[in-house]
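Enquirer: I am attaching a structure below and will ask some questions about it afterwards.
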Amino acid sequence: MNLKDYRKKRNFNSTTEPLERKKDNRRHKNLFVIQKHKATQLHYDFRIEIDHVLVSWAVPKGPSTDPKEKNLAIRTEDHPLEYANFEGIIPEDQYGGGTVIVWDKGNYENQADVNMSEALREGKIKIWLKEKKIQGGYHLIRIKNTKKNQEQWLLMKSKDNEADARRNPTATQPESVISNMTIEQIEKNDEKNNK
Ligand code: MN
């Protein structure tokens, strides 16, 4: 079953999805971005566009391509859409101080039977990604009884053709999809420029 077949099947089975997608296409692009962020603790900021903002989670281990892994994703504040292109150094005395690169970026497709705002409210997000490093279905599931000011979710790869327990893209493809630079290279350049 290839990607095309999979999509066809989803649309056919879903009554609400095609209508929702048309509306989505007119208004926005379903932006998706993962930023690698070397702060006090290294993490990956997983962001998806919902209602004109980037809804965000901090994922300490980053996304996995192994469907057996459940990675903790801590909901953080929404970011403006423009933030999707940001990479560089945040001064250490600022919030989120550290170095950021755009590790993966593109668009997502909603695979749930409800629209994205509803899926977010329900704590059950199912999306399809077709990006440079991360492909296929991903689930974000809110853990029950988490604090309202710091929701805990789990990020999981769906079992599909793009699942691969042997791939480890966070380790083998550490560079930015925008500048092709790693966090270490960006920091080294910055040191040189400040001398
Ligand atoms: Mn961050």
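In the structure tokens, each chain is lettered A, B, ... as it comes, each chain's residues begin at 1, and ligands are numbered from 1 in order of appearance.
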May I have the residues within 9 Å of region 29-45 of chain A as a VMD selection string, using only C-alpha atoms and disregarding those fewer than 5 positions away in the same chain?

Expert: chain A and resid 24 50 52 54 56 to 63 73 76 81 84 to 87 92 96 to 110 129 174 176 183

Enquirer: Calculated over only C-alpha atoms, which of the candidates A:Asn71, A:Asn193, A:Ser117, A:Gln111 has the smallest distance to Gln152 (chain A)?

Expert: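 Checking each of A:Asn71, A:Asn193, A:Ser117, A:Gln111 against Gln152 (chain A), counting only C-alpha atoms, the winner is A:Asn71.
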
Enquirer: Kindly indicate which residue among A:Pro91, A:Glu162, A:Thr146, A:Asp51 lies nearest to Glu118 (chain A), using only C-alpha atoms for the distances.

Expert: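 Counting only C-alpha atoms, the residue closest to Glu118 (chain A) is A:Asp51.
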
Enquirer: List the spatial neighbours of Lys144 (chain A) as a PyMOL selection string - criterion: any atom at most 10 Å away, only C-alpha atoms, same-chain residues fewer than 3 positions off excluded.

Expert: chain A and resi 123+141+147+151-153

Enquirer: In terms of the shortest atom-to-atom distance over only C-alpha atoms, which of A:Ile127, A:Ala112, A:Leu154, A:Ala119 is closest to Lys70 (chain A)?

Expert: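 The answer is A:Leu154, which sits nearest to Lys70 (chain A).
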
Enquirer: Identify which of the residues A:Glu49, A:Asp190, A:Glu69, A:Glu77 lies closest to ligand 1, counting only C-alpha atoms and all ligand atoms when measuring atom-to-atom distances.

Expert: A:Glu77

Enquirer: Can you work out which one of A:Asp78, A:Glu131, A:Glu184, A:Ala165 has the shortest atom-to-atom distance to ligand 1, counting only C-alpha atoms and all ligand atoms?

Expert: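 Under the stated criterion, the closest residue is A:Asp78.
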
Enquirer: Rank nothing, just name the residue among A:Asn194, A:Gln94, A:Asn168, A:Asn180 nearest to ligand 1, using only C-alpha atoms and all ligand atoms.

Expert: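 Closest candidate: A:Gln94.
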